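What follows is the content of input-v1.cif, which has mmCIF, C-alpha atoms:
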data_protein
#
loop_
_atom_site.label_atom_id
_atom_site.label_comp_id
_atom_site.auth_asym_id
_atom_site.auth_seq_id
_atom_site.Cartn_x
_atom_site.Cartn_y
_atom_site.Cartn_z
CA MET G 1 18.14 12.87 5.96
CA VAL G 2 17.87 11.67 2.37
CA ARG G 3 15.15 13.13 0.16
CA VAL G 4 13.19 10.45 -1.66
CA ARG G 5 12.28 10.95 -5.28
CA ALA G 6 9.47 8.73 -6.47
CA ASP G 7 6.78 8.62 -9.06
CA PRO G 8 4.11 11.16 -8.00
CA ILE G 9 1.27 8.65 -8.39
CA THR G 10 3.08 6.07 -6.27
CA SER G 11 3.82 8.70 -3.63
CA ALA G 12 0.22 9.93 -3.61
CA LEU G 13 -1.27 6.46 -3.33
CA ALA G 14 1.22 5.45 -0.64
CA HIS G 15 -0.65 7.77 1.75
CA PRO G 16 -3.31 5.69 3.55
CA THR G 17 -6.09 8.30 3.28
CA ARG G 18 -5.56 8.94 -0.44
CA ARG G 19 -5.26 5.22 -1.06
CA SER G 20 -8.55 4.61 0.79
CA LEU G 21 -10.27 7.37 -1.19
CA TYR G 22 -9.02 5.96 -4.49
CA ILE G 23 -10.12 2.43 -3.55
CA ALA G 24 -13.57 3.66 -2.49
CA LEU G 25 -14.01 5.50 -5.79
CA ALA G 26 -12.76 2.47 -7.73
CA GLN G 27 -15.51 0.37 -6.15
CA HIS G 28 -18.34 2.80 -7.06
CA ASP G 29 -19.39 4.67 -10.17
CA GLU G 30 -19.39 7.94 -8.22
CA MET G 31 -19.51 9.12 -4.63
CA SER G 32 -20.43 12.40 -3.01
CA THR G 33 -18.07 14.20 -0.67
CA VAL G 34 -20.28 13.24 2.28
CA GLN G 35 -20.22 9.56 1.27
CA LEU G 36 -16.43 9.65 0.92
CA GLN G 37 -16.10 11.35 4.30
CA LYS G 38 -18.12 8.56 5.94
CA GLU G 39 -16.21 5.87 4.04
CA VAL G 40 -12.72 6.97 5.14
CA SER G 41 -13.60 8.68 8.46
CA VAL G 42 -11.67 11.89 7.88
CA GLU G 43 -12.50 15.54 8.54
CA ARG G 44 -13.89 17.53 5.62
CA TYR G 45 -10.86 19.85 5.34
CA ASN G 46 -8.46 16.90 5.17
CA LEU G 47 -10.77 15.12 2.74
CA TYR G 48 -10.63 18.02 0.26
CA HIS G 49 -6.87 18.26 0.66
CA HIS G 50 -6.44 14.61 -0.36
CA LEU G 51 -9.05 14.76 -3.14
CA LYS G 52 -7.31 17.81 -4.63
CA LYS G 53 -4.01 15.91 -4.66
CA LEU G 54 -5.63 12.94 -6.44
CA ALA G 55 -7.40 15.29 -8.87
CA ALA G 56 -4.13 17.12 -9.64
CA LEU G 57 -2.69 13.76 -10.75
CA ASN G 58 -5.81 13.06 -12.88
CA LEU G 59 -6.68 9.99 -10.82
CA VAL G 60 -10.11 11.32 -9.79
CA GLU G 61 -12.31 14.21 -10.78
CA ASN G 62 -15.15 16.29 -9.39
CA HIS G 63 -17.40 15.64 -12.35
CA ARG G 64 -20.58 17.36 -11.21
CA ASP G 65 -22.03 19.56 -8.53
CA ALA G 66 -25.64 19.01 -7.45
CA GLY G 67 -26.62 21.85 -5.15
CA ARG G 68 -24.01 21.87 -2.42
CA ALA G 69 -22.92 18.27 -3.07
CA ARG G 70 -19.80 17.51 -5.07
CA TRP G 71 -19.69 14.16 -6.86
CA TRP G 72 -16.38 12.41 -7.48
CA ARG G 73 -15.34 9.54 -9.73
CA LYS G 74 -12.18 7.69 -10.65
CA THR G 75 -10.68 8.81 -13.98
CA ALA G 76 -7.50 6.73 -14.25
CA HIS G 77 -6.97 3.09 -13.38
CA VAL G 78 -4.02 2.11 -11.19
CA GLU G 79 -3.47 -1.55 -10.31
CA LEU G 80 -3.79 -1.98 -6.55
CA PRO G 81 -4.18 -5.33 -4.78
CA GLU G 82 -6.68 -3.76 -2.37
CA LEU G 83 -9.20 -3.09 -5.13
CA LEU G 84 -10.48 -6.62 -4.65
CA SER G 85 -10.72 -6.44 -0.85
CA ALA G 86 -10.21 -2.99 0.66
CA ASP G 87 -9.46 -2.99 4.36
CA THR G 88 -8.53 0.42 5.68
CA ALA G 89 -8.55 -0.47 9.39
CA PRO G 90 -5.06 -0.12 10.85
CA SER G 91 -3.55 -3.11 12.59
CA GLN G 92 -0.63 -3.53 14.97
CA LYS G 93 2.91 -3.80 13.62
CA SER G 94 4.30 -7.17 14.46
CA SER G 95 6.89 -9.75 13.65
CA THR G 96 5.56 -13.28 13.45
CA GLN G 97 7.76 -16.33 13.72
CA VAL G 98 6.63 -19.06 11.34
CA GLN G 99 6.46 -22.52 12.89
CA VAL G 100 7.31 -25.74 11.06
CA GLY G 101 3.60 -26.70 11.10
CA ASP G 102 2.81 -23.64 8.97
CA LEU G 103 5.04 -24.72 6.08
CA ASP G 104 2.15 -25.64 3.76
CA ALA G 105 1.36 -21.93 3.40
CA LEU G 106 4.94 -21.01 2.43
CA PRO G 107 6.73 -21.27 -0.91
CA SER G 108 9.11 -24.23 -1.10
CA THR G 109 12.26 -22.12 -0.69
CA LEU G 110 11.05 -20.74 2.63
CA SER G 111 9.95 -24.22 3.71
CA GLU G 112 13.39 -25.57 2.93
CA ALA G 113 14.99 -22.75 4.92
CA VAL G 114 12.98 -23.65 8.02
CA LEU G 115 13.50 -27.40 7.61
CA SER G 116 17.25 -26.89 7.38
CA GLY G 117 17.21 -25.21 10.80
CA GLY G 118 16.61 -21.60 9.81
CA GLU G 119 14.11 -19.22 11.33
CA ILE G 120 11.65 -17.06 9.45
CA HIS G 121 10.23 -13.85 10.82
CA ILE G 122 7.45 -12.06 8.97
CA ILE G 123 7.38 -8.30 9.51
CA GLN G 124 4.03 -6.68 8.80
CA LEU G 125 4.46 -3.19 7.39
CA GLU G 126 1.80 -0.67 8.30
CA GLY G 127 1.49 2.84 6.99
CA SER G 128 2.96 4.52 3.97
CA ARG G 129 6.30 5.42 5.57
CA ASP G 130 7.05 1.79 6.46
CA GLN G 131 5.99 0.54 3.05
CA VAL G 132 7.81 3.16 0.96
CA GLY G 133 10.90 2.80 3.17
CA ALA G 134 10.84 -0.99 2.79
CA LYS G 135 10.60 -0.71 -0.99
CA GLN G 136 13.56 1.69 -1.06
CA MET G 137 15.55 -0.61 1.21
CA LEU G 138 14.91 -3.56 -1.13
CA GLU G 139 16.00 -1.51 -4.15
CA ILE G 140 19.20 -0.35 -2.41
CA LEU G 141 20.09 -3.88 -1.23
CA ALA G 142 19.48 -5.29 -4.71
CA LYS G 143 21.69 -2.61 -6.29
CA GLU G 144 24.50 -3.16 -3.75
CA HIS G 145 24.46 -6.92 -4.37
CA GLY G 146 24.17 -6.66 -8.15
CA ILE G 147 20.68 -8.13 -8.29
CA GLU G 148 18.39 -6.90 -11.04
CA LEU G 149 15.16 -6.04 -9.24
CA ASN G 150 12.47 -4.71 -11.55
CA LEU G 151 9.72 -3.77 -9.14
CA PRO G 152 6.64 -2.21 -10.76
CA TRP G 153 6.09 1.45 -9.95
CA ASN G 154 3.00 0.59 -7.89
CA PHE G 155 4.70 -2.17 -5.84
CA ILE G 156 3.95 -1.55 -2.18
CA PRO G 157 5.21 -4.24 0.21
CA VAL G 158 2.85 -5.34 2.96
CA ASN G 159 5.10 -7.93 4.65
CA ILE G 160 8.79 -8.76 4.59
CA ALA G 161 10.07 -12.27 5.30
CA LEU G 162 13.43 -12.49 7.07
CA ILE G 163 15.26 -15.84 6.93
CA ALA G 164 17.98 -16.44 9.51
CA LYS G 165 20.49 -19.26 9.67
CA GLN G 166 20.50 -21.27 12.84
CA LYS G 167 23.73 -20.83 14.84
#
As C-alpha coordinates, what does this structure read like?
Amino acid sequence: MVRVRADPITSALAHPTRRSLYIALAQHDEMSTVQLQKEVSVERYNLYHHLKKLAALNLVENHRDAGRARWWRKTAHVELPELLSADTAPSQKSSTQVQVGDLDALPSTLSEAVLSGGEIHIIQLEGSRDQVGAKQMLEILAKEHGIELNLPWNFIPVNIALIAKQK
(Lines of atoms letter the chains of each structure in order from A and count residues from 1; the text may use other names and numbers.)
(Lines give C-alpha, C1' and ligand atoms only; values in the text may rest on other atoms or scores of the structure.)
Protein backbone atom coordinates (compact mmCIF):
# COMPACT_ATOMS: atom_id res chain seq x y z
CA MET A 1 0.00 0.00 0.00
CA VAL A 2 1.29 3.45 -0.92
CA ARG A 3 1.41 6.12 1.77
CA VAL A 4 -0.13 9.38 0.62
CA ARG A 5 1.55 12.64 1.47
CA ALA A 6 -0.72 15.64 1.19
CA ASP A 7 -1.10 19.10 2.56
CA PRO A 8 -2.29 18.73 6.19
CA ILE A 9 -5.16 21.19 5.72
CA THR A 10 -6.38 19.36 2.61
CA SER A 11 -6.14 16.03 4.42
CA ALA A 12 -7.98 17.37 7.47
CA LEU A 13 -10.79 18.92 5.46
CA ALA A 14 -11.13 15.82 3.29
CA HIS A 15 -12.63 14.04 6.31
CA PRO A 16 -16.44 14.48 6.13
CA THR A 17 -16.91 15.24 9.86
CA ARG A 18 -14.13 17.84 10.00
CA ARG A 19 -15.35 19.35 6.74
CA SER A 20 -18.90 19.59 8.14
CA LEU A 21 -17.61 21.21 11.34
CA TYR A 22 -15.57 23.75 9.39
CA ILE A 23 -18.52 24.58 7.12
CA ALA A 24 -20.85 24.99 10.12
CA LEU A 25 -18.40 27.36 11.81
CA ALA A 26 -17.90 29.27 8.55
CA GLN A 27 -21.64 29.94 8.42
CA HIS A 28 -21.86 31.30 11.99
CA ASP A 29 -19.90 33.79 14.06
CA GLU A 30 -19.46 31.19 16.80
CA MET A 31 -21.02 27.94 17.93
CA SER A 32 -21.00 26.04 21.19
CA THR A 33 -19.89 22.44 21.39
CA VAL A 34 -23.52 21.37 21.92
CA GLN A 35 -24.64 23.29 18.82
CA LEU A 36 -21.87 21.73 16.75
CA GLN A 37 -22.76 18.28 18.04
CA LYS A 38 -26.37 18.75 16.92
CA GLU A 39 -25.28 20.21 13.58
CA VAL A 40 -23.05 17.30 12.54
CA SER A 41 -24.71 14.47 14.53
CA VAL A 42 -21.56 13.04 16.07
CA GLU A 43 -20.76 11.78 19.57
CA ARG A 44 -19.09 14.24 21.93
CA TYR A 45 -15.79 12.30 22.12
CA ASN A 46 -15.48 12.20 18.32
CA LEU A 47 -16.50 15.85 18.11
CA TYR A 48 -13.62 16.93 20.36
CA HIS A 49 -11.20 14.72 18.45
CA HIS A 50 -12.07 16.47 15.17
CA LEU A 51 -12.17 19.96 16.71
CA LYS A 52 -8.71 19.41 18.21
CA LYS A 53 -7.38 18.44 14.77
CA LEU A 54 -8.86 21.59 13.20
CA ALA A 55 -7.55 23.71 16.08
CA ALA A 56 -4.05 22.22 15.72
CA LEU A 57 -4.05 23.47 12.11
CA ASN A 58 -5.26 26.93 13.25
CA LEU A 59 -8.48 26.60 11.25
CA VAL A 60 -10.73 26.98 14.31
CA GLU A 61 -10.28 27.98 17.92
CA ASN A 62 -11.98 27.56 21.26
CA HIS A 63 -12.12 31.28 21.93
CA ARG A 64 -14.08 31.34 25.17
CA ASP A 65 -15.54 29.16 27.87
CA ALA A 66 -18.83 30.18 29.48
CA GLY A 67 -19.45 27.89 32.42
CA ARG A 68 -19.24 24.37 31.03
CA ALA A 69 -19.85 25.49 27.44
CA ARG A 70 -16.98 25.87 25.00
CA TRP A 71 -17.48 28.31 22.13
CA TRP A 72 -15.74 27.77 18.80
CA ARG A 73 -15.12 30.00 15.80
CA LYS A 74 -13.36 29.80 12.46
CA THR A 75 -9.93 31.48 12.47
CA ALA A 76 -8.62 30.81 8.95
CA HIS A 77 -10.50 30.95 5.66
CA VAL A 78 -10.22 28.03 3.24
CA GLU A 79 -12.10 28.16 -0.07
CA LEU A 80 -14.66 25.36 -0.15
CA PRO A 81 -17.53 25.11 -2.66
CA GLU A 82 -19.82 23.85 0.10
CA LEU A 83 -19.63 27.12 2.02
CA LEU A 84 -22.43 28.42 -0.16
CA SER A 85 -24.67 25.36 0.21
CA ALA A 86 -23.55 22.82 2.80
CA ASP A 87 -25.15 19.42 2.46
CA THR A 88 -23.66 16.84 4.79
CA ALA A 89 -26.21 14.08 4.14
CA PRO A 90 -24.52 11.09 2.50
CA SER A 91 -25.93 9.85 -0.78
CA GLN A 92 -25.52 6.63 -2.72
CA LYS A 93 -22.51 6.12 -4.97
CA SER A 94 -23.65 5.79 -8.51
CA SER A 95 -22.68 5.99 -12.13
CA THR A 96 -25.14 7.88 -14.30
CA GLN A 97 -25.26 7.54 -18.05
CA VAL A 98 -25.96 10.87 -19.72
CA GLN A 99 -28.61 10.74 -22.44
CA VAL A 100 -28.52 12.82 -25.62
CA GLY A 101 -31.49 14.86 -24.31
CA ASP A 102 -29.36 16.06 -21.39
CA LEU A 103 -26.72 17.69 -23.61
CA ASP A 104 -27.78 21.26 -22.79
CA ALA A 105 -26.35 20.81 -19.29
CA LEU A 106 -22.96 19.60 -20.57
CA PRO A 107 -19.98 21.57 -21.87
CA SER A 108 -19.68 21.48 -25.66
CA THR A 109 -16.79 18.99 -25.70
CA LEU A 110 -18.84 16.42 -23.80
CA SER A 111 -21.85 17.12 -26.02
CA GLU A 112 -19.73 16.53 -29.10
CA ALA A 113 -18.46 13.26 -27.63
CA VAL A 114 -21.99 11.95 -27.17
CA LEU A 115 -23.20 13.19 -30.56
CA SER A 116 -20.31 11.41 -32.27
CA GLY A 117 -21.47 8.11 -30.78
CA GLY A 118 -19.60 8.11 -27.48
CA GLU A 119 -21.02 7.33 -24.08
CA ILE A 120 -20.57 9.40 -20.95
CA HIS A 121 -20.77 7.97 -17.47
CA ILE A 122 -20.74 10.28 -14.46
CA ILE A 123 -19.30 8.72 -11.31
CA GLN A 124 -20.38 10.42 -8.10
CA LEU A 125 -17.62 10.31 -5.49
CA GLU A 126 -18.73 10.07 -1.88
CA GLY A 127 -16.52 10.21 1.15
CA SER A 128 -13.02 11.48 1.64
CA ARG A 129 -11.27 8.28 0.53
CA ASP A 130 -12.99 8.30 -2.86
CA GLN A 131 -12.36 12.00 -3.38
CA VAL A 132 -8.71 12.04 -2.29
CA GLY A 133 -8.06 8.85 -4.28
CA ALA A 134 -9.68 10.35 -7.39
CA LYS A 135 -7.56 13.49 -7.10
CA GLN A 136 -4.39 11.39 -6.80
CA MET A 137 -5.45 9.27 -9.77
CA LEU A 138 -5.94 12.40 -11.89
CA GLU A 139 -2.52 13.74 -10.89
CA ILE A 140 -0.81 10.41 -11.70
CA LEU A 141 -2.56 10.10 -15.09
CA ALA A 142 -1.66 13.68 -15.99
CA LYS A 143 1.99 13.09 -15.06
CA GLU A 144 2.18 9.83 -17.04
CA HIS A 145 0.71 11.51 -20.13
CA GLY A 146 2.80 14.68 -19.85
CA ILE A 147 -0.18 16.91 -19.09
CA GLU A 148 0.44 19.90 -16.84
CA LEU A 149 -2.34 19.71 -14.27
CA ASN A 150 -2.20 22.49 -11.71
CA LEU A 151 -4.97 21.55 -9.32
CA PRO A 152 -5.38 23.88 -6.33
CA TRP A 153 -4.47 22.35 -2.98
CA ASN A 154 -8.11 22.41 -1.90
CA PHE A 155 -9.45 20.75 -5.09
CA ILE A 156 -11.74 17.92 -4.07
CA PRO A 157 -13.53 16.17 -6.95
CA VAL A 158 -17.21 15.37 -6.46
CA ASN A 159 -17.89 13.70 -9.82
CA ILE A 160 -15.77 12.23 -12.59
CA ALA A 161 -16.99 12.11 -16.20
CA LEU A 162 -15.85 9.11 -18.24
CA ILE A 163 -16.13 9.37 -22.04
CA ALA A 164 -16.07 6.12 -24.01
CA LYS A 165 -15.81 5.65 -27.75
CA GLN A 166 -18.56 3.65 -29.34
CA LYS A 167 -17.33 0.32 -30.75
Please provide the set of residues having any atom within 9 Å of stretch 17-25 of chain G, restricted to only C-alpha atoms, with same-chain residues fewer than 2 positions apart removed, written as a PDB file with C-alpha atoms, keeping the file's coordinate frame.
ATOM      1  CA  ALA G  12       0.220   9.930  -3.610  1.00  0.00           C
ATOM      2  CA  LEU G  13      -1.270   6.460  -3.330  1.00  0.00           C
ATOM      3  CA  ALA G  14       1.220   5.450  -0.640  1.00  0.00           C
ATOM      4  CA  HIS G  15      -0.650   7.770   1.750  1.00  0.00           C
ATOM      5  CA  GLN G  27     -15.510   0.370  -6.150  1.00  0.00           C
ATOM      6  CA  HIS G  28     -18.340   2.800  -7.060  1.00  0.00           C
ATOM      7  CA  ASP G  29     -19.390   4.670 -10.170  1.00  0.00           C
ATOM      8  CA  GLU G  30     -19.390   7.940  -8.220  1.00  0.00           C
ATOM      9  CA  MET G  31     -19.510   9.120  -4.630  1.00  0.00           C
ATOM     10  CA  LEU G  36     -16.430   9.650   0.920  1.00  0.00           C
ATOM     11  CA  GLN G  37     -16.100  11.350   4.300  1.00  0.00           C
ATOM     12  CA  GLU G  39     -16.210   5.870   4.040  1.00  0.00           C
ATOM     13  CA  VAL G  40     -12.720   6.970   5.140  1.00  0.00           C
ATOM     14  CA  VAL G  42     -11.670  11.890   7.880  1.00  0.00           C
ATOM     15  CA  LEU G  47     -10.770  15.120   2.740  1.00  0.00           C
ATOM     16  CA  HIS G  50      -6.440  14.610  -0.360  1.00  0.00           C
ATOM     17  CA  LEU G  51      -9.050  14.760  -3.140  1.00  0.00           C
ATOM     18  CA  LYS G  53      -4.010  15.910  -4.660  1.00  0.00           C
ATOM     19  CA  LEU G  54      -5.630  12.940  -6.440  1.00  0.00           C
ATOM     20  CA  LEU G  59      -6.680   9.990 -10.820  1.00  0.00           C
ATOM     21  CA  VAL G  60     -10.110  11.320  -9.790  1.00  0.00           C
ATOM     22  CA  TRP G  72     -16.380  12.410  -7.480  1.00  0.00           C
ATOM     23  CA  ARG G  73     -15.340   9.540  -9.730  1.00  0.00           C
ATOM     24  CA  LYS G  74     -12.180   7.690 -10.650  1.00  0.00           C
ATOM     25  CA  LEU G  80      -3.790  -1.980  -6.550  1.00  0.00           C
ATOM     26  CA  GLU G  82      -6.680  -3.760  -2.370  1.00  0.00           C
ATOM     27  CA  LEU G  83      -9.200  -3.090  -5.130  1.00  0.00           C
ATOM     28  CA  ALA G  86     -10.210  -2.990   0.660  1.00  0.00           C
ATOM     29  CA  ASP G  87      -9.460  -2.990   4.360  1.00  0.00           C
ATOM     30  CA  THR G  88      -8.530   0.420   5.680  1.00  0.00           C
TER      31      THR G  88
END
| field | Which of G:Arg129, G:Arg68, G:His121, G:His49 sits closest to G:Ile156 [using only C-alpha atoms] | value |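 For G:Ile156, the nearest of the given residues is G:Arg129.
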| task | Quick one: everything within 6 Å of G:Arg70, counting only C-alpha atoms, minus sequence neighbours fewer than 2 positions away in the same chain. Send it as a PyMOL selection string. | result | chain G and resi 32-33+65
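Comparing the minimum interatomic distances between G:Ser41 and each of G:Pro16, G:Trp153, G:Leu57, G:Ile163, counting all atoms listed in the file, we find that G:Pro16 sits nearest.
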| Nearest to G:Pro157: which of G:Val132, G:Met137, G:Ala142, G:Ala55 is it, counting only C-alpha atoms? |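 Answer, going by the shortest atom-to-atom distance: G:Val132.
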| Pairwise distance for atom CA of G:His77 and atom CA of G:Lys52, rounded to one decimal in Å |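 Straight-line distance from atom CA of G:His77 to atom CA of G:Lys52 works out to 17.1 Å.
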| task | For G:Leu125, work out the shell of residues within 7 Å, counting all atoms listed in the file and skipping chain neighbours fewer than 3 positions away, then give it as a PyMOL selection string. | result | chain G and resi 93+130-131+158-159
| One-decimal distance in Å that lies between atom CA of G:Arg44 and atom CA of G:Ala69 | 12.6 Å
| note | Students should find that atom CA of G:Ile9 and atom CA of G:Phe155 are spaced 11.6 Å
| message | Going by the chain IDs and residue numbers used in this file, which residues fall under the PyMOL selection byres ((chain G and resi 162) around 9)? Write them as a ChimeraX atom specification. | response | /G:119-123,160-161,163-164
